Amino acid sequence: APPLWQTGMAAGFGRAPITKTLCFACAAASLSAWIANSPQSCRLDVDHTFRQAELWRLLTCHLVFETPMAFFFGMILLYTFREFERRLKTSRFLIALCVLLSLSTSIQLIMLLTGATQGFTAGPFAIIFGLFPFFFSEIPPAVKGGILFIPMSDKTFTYLFGLQLAFSDNFPSALWPTLCGLLAGILYRASWLPFRKLRLPSSCQRCCEWYCSYFDLSNDYRHRGGYQQVPTDNDPSVPQQLFGPPPSVPIVAADPQRVQTLVAMGFDEEDARGALARTNNNVQAAVGLLGSAW
């Protein structure tokens, strides 16, 4: 078999440096909390977080898994959802994570202040379940079947893992952050809200590109083979898939004049260049592709 860089495929965490960093951070934070025998002290709590100035809880409540079972299923889901970073590109995926975390944290604080619940189980529930609305609506099943007249697909086990994670702690302490994450994901995808139009500042964009080039070598592999990976969501000409890398297509140079035409229409220059490369410099098709992007 030819090397991965010749086939244009990304293995493991290839082209997903943010997801890789997140998985390692969750593993390190969880192990540290277990060794210190204090995973519950990482929960979000109004009294400790703000009145006692333990602001680090705003971070640890989204990183630390409290139980080994939650760690097992949560890490599987995080690894599975690395495909979203590959499809959306790292910079847009990073914005999505920031929005999901901000919305979920705000909802949890409102619930705590109003007395709707006494506490939430710590863990990256906002990220995992915030991506489930996209998983449900945008990723079609690749394999369909059934067991004892029960319809199933390749997505079924992902849903079952999510259900197991939602009930991994005493009811309903793990269910509340699950619902907050789902609500945050729905709000992020809502067309009447501006979250999907957010972009990183140019300085943050450069830092993100440096981080990707430094920690993700798959870009070098991809360019060696003369192929580029492209996101395939919402493109009827490219087969949809969740597991494994998206299909590779030959590199097509974008016409600079047509790039400027799309930029004048309000699209990002980098996005316009990629869309023209995917559509063989067809402006109308590129506009449709950019308009349907997540």
# chains A, B, ... in the order shown; residues from 1 in each chain; ligands from 1
$ residues_around --residues "Phe157 of chain A" --least-positions-apart "4" --cutoff "12 Å" --atoms "only C-alpha atoms" --output "MDAnalysis selection string"
chainID A and resid 73 76:77 80 141 152:153 161:164
$ write_last_selection --atoms "N, CA and C atoms" --output "tab-separated table (two decimals), in the first residue's frame"
chain	number	residue	atom	x	y	z
A	73	PHE	N	-16.16	6.69	27.36
A	73	PHE	CA	-17.11	7.03	26.30
A	73	PHE	C	-16.87	8.45	25.78
A	76	ILE	N	-13.90	8.48	23.33
A	76	ILE	CA	-14.28	7.88	22.05
A	76	ILE	C	-15.05	8.89	21.19
A	77	LEU	N	-15.98	9.61	21.81
A	77	LEU	CA	-16.77	10.59	21.06
A	77	LEU	C	-15.92	11.76	20.60
A	80	THR	N	-13.99	10.57	17.66
A	80	THR	CA	-14.86	10.41	16.50
A	80	THR	C	-15.19	11.75	15.86
A	141	PRO	N	-26.30	8.47	7.37
A	141	PRO	CA	-25.75	7.14	7.66
A	141	PRO	C	-25.15	6.51	6.41
A	152	MET	N	-31.14	0.24	12.40
A	152	MET	CA	-29.85	0.70	12.91
A	152	MET	C	-28.99	1.15	11.75
A	153	SER	N	-27.96	1.93	12.06
A	153	SER	CA	-26.99	2.38	11.06
A	153	SER	C	-25.64	2.51	11.73
A	161	PHE	N	-23.29	5.69	22.61
A	161	PHE	CA	-22.18	6.18	23.44
A	161	PHE	C	-22.54	7.50	24.10
A	162	GLY	N	-23.20	8.38	23.33
A	162	GLY	CA	-23.64	9.65	23.90
A	162	GLY	C	-24.66	9.46	25.01
A	163	LEU	N	-25.59	8.51	24.81
A	163	LEU	CA	-26.59	8.23	25.84
A	163	LEU	C	-25.93	7.67	27.10
A	164	GLN	N	-24.95	6.81	26.91
A	164	GLN	CA	-24.23	6.27	28.06
A	164	GLN	C	-23.47	7.36	28.81
$ residues_around --residues "Leu55 of chain A" --least-positions-apart "5" --cutoff "12 Å" --atoms "only C-alpha atoms" --output "PyMOL selection string"
chain A and resi 42-50+60-61
$ residues_around --residues "Gln257 of chain A" --least-positions-apart "4" --cutoff "12 Å" --atoms "only C-alpha atoms" --output "list in words"
Ala253, Thr261, Leu262, Val263, Ala264, Glu269, Ala272, Arg273, Leu276, Asn281, Asn282 and Val283 of chain A
$ residues_around --residues "segment 13-28 of chain A" --least-positions-apart "5" --cutoff "9 Å" --atoms "only C-alpha atoms" --output "list in words"
Ala33, Thr60, His62, Leu63, Val64, Phe65, Phe71, Met75, Leu78, Tyr79, Phe81, Arg82, Glu83, Phe84, Glu85, Arg86, Lys89, Thr90, Phe93, Leu94, Gly123, Pro124, Tyr211, Cys212, Phe215, Asp216, Leu217, Ser218 and Asn219 of chain A
